[in-house]
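Structure first, commentary second.
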Amino acid sequence: MPAPVLSYKDIRVSFATEFGDVDAVKGVSFEVMPGEVVAVVGESGSGKSVTSSTAMGLLPESASVQGEVLLEGRNVLKMSTAELRRLRGSDISMVFQEPMTALNPVLRVSDQLVEALQVHEVAFGGKALEKSIELLERVGIPEARTKIRQYPHQFSGGQRQRIVIAMAIACGPKVIIADEPTTALDVTVQAEILDLLRELKQELNTGILLITHNMGVVADMADRVVVMLNGEVVETGPVAKILGHPEHPYTRRLLAAMPLLREAGDPSLEREQEQERVRVTERAARETSHRAAAGMSSGAASPAPAALEAKDVALEYKFRRKATRVVHDLNFTVQPGEIMGLVGESGSGKSTVAKAVLGLLDVAEGELRVRGENMPALPSKQKKALKREIGVVFQDPAASLDPRFPIGDIITEPMVVHKEGDKDSRMARARELLDAVRLPSSVLNRYPHELSGGQRQRISIARALTLNPTLLIADEPTSALDVSVQAAVLELFSELQQHYGFACLFVSHDLAVVDSLAHKVLVMQNGRTVEQGTTDQVLRHAKESYTQQLLAAAPVPNPETQARRRTERQRLLAALG
Amino acid sequence: MSEIHRPEARVEPIDSTIEPAGEPAKNKKVEEASLLADAWRSLRRNPWFIISAVLLVLFLSMAIFPQLFTNNDPRECLLGRSRQSPSAEHWFGTDVQGCDYYSRVIYGARNSIAVGFIVAIGTFIIAVLLGLVAGYFGSWVDAVISRFTDMVFAVPYILGALVFLNVLESRGVREVAFVLIIFMWPTMTRLMRGSVISVVNSEFVLAARALGAGPITIMRRHILPNSLGPVIGYATVFTGIIIGAEATLTFLGVGLQLPAISWGLQLSDAQPFLQTVPHLLLFPVIFVGLTVFAFMTMGDAIRDALDPKSKK
């Protein structure tokens, strides 16, 4: 049996803060063999990134580390600064999460690669440049010889991550630490990057320490898995065992929380969906008749108007009088009480659509009807009145709540803006909504920074529901959250949707999340509609090749299924050329 | 079996996420009253804040109640005791006119600090209004305001003040402050504009706009409170800068005029005697220096405390 290339022995890390010492890592031990991928899995605050950083000696000064990190038998923690510097980049290197910031934007790619080689005395001058070009070709950058002269911003996100990987493998490291290497990337790009890492690992026999929160990525890449919780390892073992037969309740909970992209042909699933569909139509019918009876609809005799309807909508951004059209010929209808998933990769224009519906962006062409009225064309007073009918939940719960407002004021803000109710009735409404999102009413006087991410997103949802809107716009509401928190928020969301019966435009890049929630799906690419239909039609019987690619690229948390899906995807891509 | 239990497992995190964050915060509720209280707590622990606060209280009481510090009349000047060295009777000695120098330095605090405050408050108001409007509305509004700001910014305040103050017949605190405001508002306006721009695109502002809230409501409720932090910090530093600027202008002979008492005038009068009676220069310099130091240190401390990003 070969010796481990990297081993952590009883690592303990604590940070000195103004509130006393905080133990981030409490005695973690595991090993990485040559050519092996070890995935460290855990949610934010589990200490997974801190643990891996100890191997690079990159922890801040306030940290104190105990234990041993052995890199090929040498203890990294005992090394001097100079020794560590020689080590970094040559024997051990790192791939970061955000390829935007991992490359220096003012230096050419060639300079950065050559520098990496020269610092570690691998090659110099022209030789180093030649080697850099080789490296770029190796990581799959086309026309490497000309492209190497370009600056980082001239590459796409996926290509930038390839360049970061090229820098990481430049000096033939024994171990690569990949800290959430694909989290910032689109699914199709993620699949490509993972393919690349897998190839490189086999070719170079490098150990990879993969830090991730995505069980699908784990299933796709890892040989062994280390599950961390609150700075401790709760379970470790081969990937098939951990994902297939997890023993620790936390691992089970983590797996259960993963939203699943369900495949066609599951009879129990089909039945469940059929029931769901019947229930939805019944509820929608009940809802409209209820609204008509209450006199809320404009004409009781006419059929209730769609909650949201787009007719030949085109949207553009204006910059210095130059308009760039980002959305073309968009048509869709969201009926009352219906959730429509708007799916696409970055740059597809899905968030732009959400912005336009919220009235934050002018509609260049076409009609955007909210409850039958073309909102962009309305005079401002009526527009404001119509905005009461629209609630919004944004992606980042930290940014979407004003940090200077107590929670009570945040939730009641819509009532203040629309001059509704008095102080007491507003507070009563806030309590009611907090109850609905299952938070204690004691948080009324707290500030957003005192709450966790999941709690903040509940507050966002509560605020969106304050005026009982008929339409909710949710722009990636769970993508900034941990999986278990995401699961809880999604569960809450669908419960609230059933209770309040609002229609919803749910923007997301995550097909699995959309699958678990939406009744209808619209897939967008480069501002155009690729495919739309019921969730079942689009996600399980996709007609368009782009949708098929998207579906094939989404990793599932089961190593065997994922391996099968991978070959299927490669076949699909090969077929498409 | 495990398949059936999954929904159960999904619900679990809901309760577990509420409690841990909810419980400890409840105990600290009194302390965690607001972000301002937060800022105050971090200020209290900052030794530089304590030092500057003590100094400022001292100088401010000097400016408001100079009688507390000296019983002598600063205007009681006897030529017979001109240029005496510091003694038990006259702590800082006497100046050329034979006035008690200690009481003159004490009384000088009022005019210097008054100029500092008036100018700081004046520029603060201009900067906040212009910066808010420019940053919030952007496009041509921003272009007009910013270019105008740049034009004023291009004139060095010393040059502007020299030109304008030279024309004025009598120059008191009001005139000097007015001219300084006219030439010194651009820096703070730019700061305010930048600070507003960093807030204006945040999601909570988008959320408010999506609600149908008007520009005034959004500016008042969301943008102003979130963008004032750095500007308040700078305004405090700025007060110190202005006190230095007043001394500079007065020293150059275009600031306050006799019979007013100010540190700048004292410096100006003491200049010819630098070699023979150095203490005439030394004492006002120490006072100007300490005041400017106190304001700047205080400004830095306030800025750090109000900036949520500086929190650990």
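By order in the structure tokens, chains are A, B, ...; within a chain, residues start at 1; ligands start at 1, following the order shown.
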Problem set entry | 9 Å contacts from chain A to chain B using only C-alpha atoms, as a PyMOL selection string | chain A and resi 17-18+252-254+256-257+320+355+357-360+383-388+390-397+399-406+413-414+417-418+438-440+442-443+445-447+450-452+454-455+484-485+487-489+491
Contact table stretch 179-202 of chain A vs stretch 152-157 of chain A, cut-off 10 Å, shortest pair per residue, only C-alpha atoms, as CSV:
```
residue,atom,partner,partner_atom,distance
A:Ala184,CA,A:Gly157,CA,8.5
A:Leu185,CA,A:Gly157,CA,7.0
A:Asp186,CA,A:Gly157,CA,8.9
A:Val189,CA,A:Gly157,CA,8.5
```
Output file for the selection above: N, CA and C atoms, as a PDB file, in the first residue's frame:
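Written file, selection13.pdb:
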```pdb
ATOM      1  N   ALA A 184     -19.172  28.410  -8.374  1.00  0.00           N
ATOM      2  CA  ALA A 184     -19.530  29.656  -9.043  1.00  0.00           C
ATOM      3  C   ALA A 184     -19.843  29.446 -10.517  1.00  0.00           C
ATOM      4  N   LEU A 185     -19.838  28.204 -10.971  1.00  0.00           N
ATOM      5  CA  LEU A 185     -19.992  27.957 -12.406  1.00  0.00           C
ATOM      6  C   LEU A 185     -21.364  27.370 -12.738  1.00  0.00           C
ATOM      7  N   ASP A 186     -21.744  27.495 -14.001  1.00  0.00           N
ATOM      8  CA  ASP A 186     -22.981  26.895 -14.476  1.00  0.00           C
ATOM      9  C   ASP A 186     -22.844  25.375 -14.523  1.00  0.00           C
ATOM     10  N   VAL A 189     -20.834  23.901 -17.430  1.00  0.00           N
ATOM     11  CA  VAL A 189     -19.413  24.200 -17.269  1.00  0.00           C
ATOM     12  C   VAL A 189     -18.842  23.384 -16.120  1.00  0.00           C
TER      13      VAL A 189
END
```
Problem set entry | B:Gly229, B:Gly98, B:Gly116, B:Gly93 ranked by distance to B:Glu76, top pick (using only C-alpha atoms) |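 Result for the nearest residue to B:Glu76: B:Gly98.
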Problem set entry | Pairwise distance for atom CA of B:Pro215 and atom CA of B:Ser146, rounded to one decimal in Å |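 Interatomic distance, atom CA of B:Pro215 to atom CA of B:Ser146: 19.8 Å.
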For this session: Please give the complete set of residues from stretch 168-256 of chain A that DSSP, run on the backbone, assigns to strand (DSSP E or B), formatted as an MDAnalysis selection string.
Result: chainID A and resid 175:179 207:212 224:229 232:238
Could the residues in this selection be written to a file with C-alpha atoms, as an mmCIF file, in the first residue's frame?
```
data_model
loop_
_atom_site.group_PDB
_atom_site.id
_atom_site.type_symbol
_atom_site.label_atom_id
_atom_site.label_comp_id
_atom_site.auth_asym_id
_atom_site.auth_seq_id
_atom_site.Cartn_x
_atom_site.Cartn_y
_atom_site.Cartn_z
ATOM 1 C CA VAL A 175 -1.775 17.369 -3.981
ATOM 2 C CA ILE A 176 -4.322 19.843 -5.281
ATOM 3 C CA ILE A 177 -6.711 21.410 -2.839
ATOM 4 C CA ALA A 178 -9.856 22.336 -4.739
ATOM 5 C CA ASP A 179 -12.040 24.572 -2.576
ATOM 6 C CA GLY A 207 -4.152 13.508 -4.897
ATOM 7 C CA ILE A 208 -7.106 15.873 -4.871
ATOM 8 C CA LEU A 209 -8.682 17.241 -1.731
ATOM 9 C CA LEU A 210 -12.074 18.378 -2.931
ATOM 10 C CA ILE A 211 -14.031 20.672 -0.667
ATOM 11 C CA THR A 212 -17.658 20.934 -1.601
ATOM 12 C CA ARG A 224 -13.589 8.693 -0.437
ATOM 13 C CA VAL A 225 -15.739 11.104 1.540
ATOM 14 C CA VAL A 226 -15.160 12.893 4.829
ATOM 15 C CA VAL A 227 -18.302 14.402 6.316
ATOM 16 C CA MET A 228 -17.715 17.297 8.695
ATOM 17 C CA LEU A 229 -20.064 18.953 11.153
ATOM 18 C CA GLU A 232 -15.576 17.399 13.705
ATOM 19 C CA VAL A 233 -15.527 14.462 11.312
ATOM 20 C CA VAL A 234 -18.808 12.638 11.768
ATOM 21 C CA GLU A 235 -18.358 9.987 9.129
ATOM 22 C CA THR A 236 -15.740 8.874 6.657
ATOM 23 C CA GLY A 237 -15.580 6.086 4.118
ATOM 24 C CA PRO A 238 -15.713 5.126 0.439
#
```
Problem set entry | Of the listed residues A:Ala542, A:Leu204, A:Leu492, A:Ala307, that which approaches A:Glu373 most closely, counting only C-alpha atoms |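 Closest residue, counting only C-alpha atoms: A:Ala307.
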Problem set entry | Secondary structure check, alpha helix (DSSP H) residues of stretch 120-286 of chain A, as a ChimeraX atom specification | /A:125-138,144-147,157-169,187-204,215-221,239-244,249-257,267-286
Problem set entry | Top pick for closest residue to A:Ala219, considering A:Pro559, A:Gly347, A:Gly366, A:Gly408 and counting only C-alpha atoms |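 Smallest distance to A:Ala219 is found for A:Pro559.
Taking atom CA of B:Ser61 as the reference point, atom CA of B:Phe49 is found at 17.9 Å.
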Exercise. Atom CA of A:Lys520 and atom CA of A:Ala553 are how many Å apart?
Worked result: 20.6 Å
Problem set entry | Residue with smallest distance to B:Leu265 - pool B:Phe137, B:Ala235, B:Ala109, B:Ile125, counting only C-alpha atoms | B:Ala109
Need the shell around B:Val128: protein/DNA/RNA residues with any atom at most 12 Å away, counting only C-alpha atoms. Skip same-chain ones fewer than 3 positions apart. Format as a PDB file with C-alpha atoms, in the first residue's frame?
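Wrote part.pdb, looks like this:
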```
ATOM      1  CA  ALA B 120     -17.804  71.018   8.825  1.00  0.00           C
ATOM      2  CA  ILE B 121     -21.562  71.279   9.321  1.00  0.00           C
ATOM      3  CA  GLY B 122     -21.987  73.462   6.229  1.00  0.00           C
ATOM      4  CA  THR B 123     -20.010  71.172   3.944  1.00  0.00           C
ATOM      5  CA  PHE B 124     -21.695  68.149   5.489  1.00  0.00           C
ATOM      6  CA  ILE B 125     -25.142  69.463   4.565  1.00  0.00           C
ATOM      7  CA  GLY B 131     -24.061  63.377  -3.083  1.00  0.00           C
ATOM      8  CA  LEU B 132     -27.415  61.765  -2.355  1.00  0.00           C
ATOM      9  CA  VAL B 133     -29.104  63.254  -5.402  1.00  0.00           C
ATOM     10  CA  ALA B 134     -26.152  62.561  -7.712  1.00  0.00           C
ATOM     11  CA  GLY B 135     -25.637  59.003  -6.489  1.00  0.00           C
ATOM     12  CA  TYR B 136     -29.300  58.044  -6.445  1.00  0.00           C
ATOM     13  CA  TRP B 185     -17.325  70.923  -0.076  1.00  0.00           C
ATOM     14  CA  PRO B 186     -16.270  68.861  -3.149  1.00  0.00           C
ATOM     15  CA  THR B 187     -14.176  66.214  -1.365  1.00  0.00           C
ATOM     16  CA  MET B 188     -16.965  65.250   0.980  1.00  0.00           C
ATOM     17  CA  THR B 189     -19.525  65.345  -1.828  1.00  0.00           C
ATOM     18  CA  ARG B 190     -17.507  62.838  -3.803  1.00  0.00           C
ATOM     19  CA  LEU B 191     -17.266  60.623  -0.739  1.00  0.00           C
ATOM     20  CA  MET B 192     -21.013  60.813  -0.183  1.00  0.00           C
ATOM     21  CA  ARG B 193     -21.742  60.098  -3.839  1.00  0.00           C
ATOM     22  CA  GLY B 194     -19.530  57.008  -3.788  1.00  0.00           C
ATOM     23  CA  SER B 195     -21.078  55.833  -0.565  1.00  0.00           C
ATOM     24  CA  VAL B 196     -24.591  56.275  -2.001  1.00  0.00           C
ATOM     25  CA  MET B 219     -33.532  57.862  -0.004  1.00  0.00           C
ATOM     26  CA  ARG B 220     -34.803  58.740   3.445  1.00  0.00           C
ATOM     27  CA  ILE B 223     -30.039  55.089   1.414  1.00  0.00           C
ATOM     28  CA  LEU B 224     -29.318  57.872   3.869  1.00  0.00           C
ATOM     29  CA  PRO B 225     -28.920  55.694   6.978  1.00  0.00           C
ATOM     30  CA  SER B 227     -24.449  55.700   3.412  1.00  0.00           C
ATOM     31  CA  LEU B 228     -23.841  58.264   6.162  1.00  0.00           C
ATOM     32  CA  GLY B 229     -21.281  56.217   8.125  1.00  0.00           C
ATOM     33  CA  PRO B 230     -18.101  57.087   6.207  1.00  0.00           C
ATOM     34  CA  VAL B 231     -19.250  60.681   5.697  1.00  0.00           C
ATOM     35  CA  ILE B 232     -19.815  61.239   9.404  1.00  0.00           C
ATOM     36  CA  ALA B 235     -16.740  65.141   8.721  1.00  0.00           C
TER      37      ALA B 235
END
```
If we count only C-alpha atoms, what is near B:Thr239 at a cut-off of 8 Å, once residues fewer than 3 positions away on the same chain are taken out, given as a compact mmCIF listing (two decimals) with C-alpha atoms, in the first residue's frame?
```
# COMPACT_ATOMS: atom_id res chain seq x y z
CA GLY B 116 -14.10 74.17 12.34
CA PHE B 117 -17.65 73.32 13.32
CA VAL B 119 -17.46 74.71 8.04
CA ALA B 120 -17.80 71.02 8.83
CA ALA B 235 -16.74 65.14 8.72
CA THR B 236 -15.09 64.68 12.09
CA ILE B 242 -10.48 73.04 8.92
CA ILE B 243 -9.04 74.12 12.26
CA VAL B 292 -6.57 68.49 15.05
CA PHE B 295 -10.74 65.35 15.77
CA MET B 296 -8.91 63.10 13.33
```
Exercise. Can you tell me, as a list of chain:residue names, what residues are no more than 12 Å from B:Asp73 when counting only C-alpha atoms, ignoring any on the same chain fewer than 4 positions away?
Worked result: B:Pro66, B:Gln67, B:Phe69, B:Cys77, B:Leu78, B:His90, B:Gly98, B:Cys99, B:Asp100, B:Tyr101, B:Tyr102, B:Ser103, B:Arg104, B:Val105, B:Ile106, B:Tyr107, B:Ile261
With C-alpha atoms retained, could you export that selection as a tab-separated table (two decimals), in the first residue's frame?
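Wrote it out as result15.tsv, contents follow:
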```tsv
chain	number	residue	atom	x	y	z
B	66	PRO	CA	-13.02	79.73	28.88
B	67	GLN	CA	-13.65	81.30	32.32
B	69	PHE	CA	-9.77	77.61	32.89
B	77	CYS	CA	-2.57	93.87	28.33
B	78	LEU	CA	0.19	95.85	30.04
B	90	HIS	CA	1.73	83.69	33.81
B	98	GLY	CA	2.03	92.15	27.51
B	99	CYS	CA	-1.19	90.11	27.67
B	100	ASP	CA	-1.38	86.91	29.73
B	101	TYR	CA	-0.58	84.29	27.05
B	102	TYR	CA	-2.23	81.36	28.83
B	103	SER	CA	-5.61	83.06	28.89
B	104	ARG	CA	-5.20	84.17	25.27
B	105	VAL	CA	-4.47	80.62	24.12
B	106	ILE	CA	-7.47	79.37	26.11
B	107	TYR	CA	-9.75	82.04	24.64
B	261	ILE	CA	-8.35	86.05	19.48
```
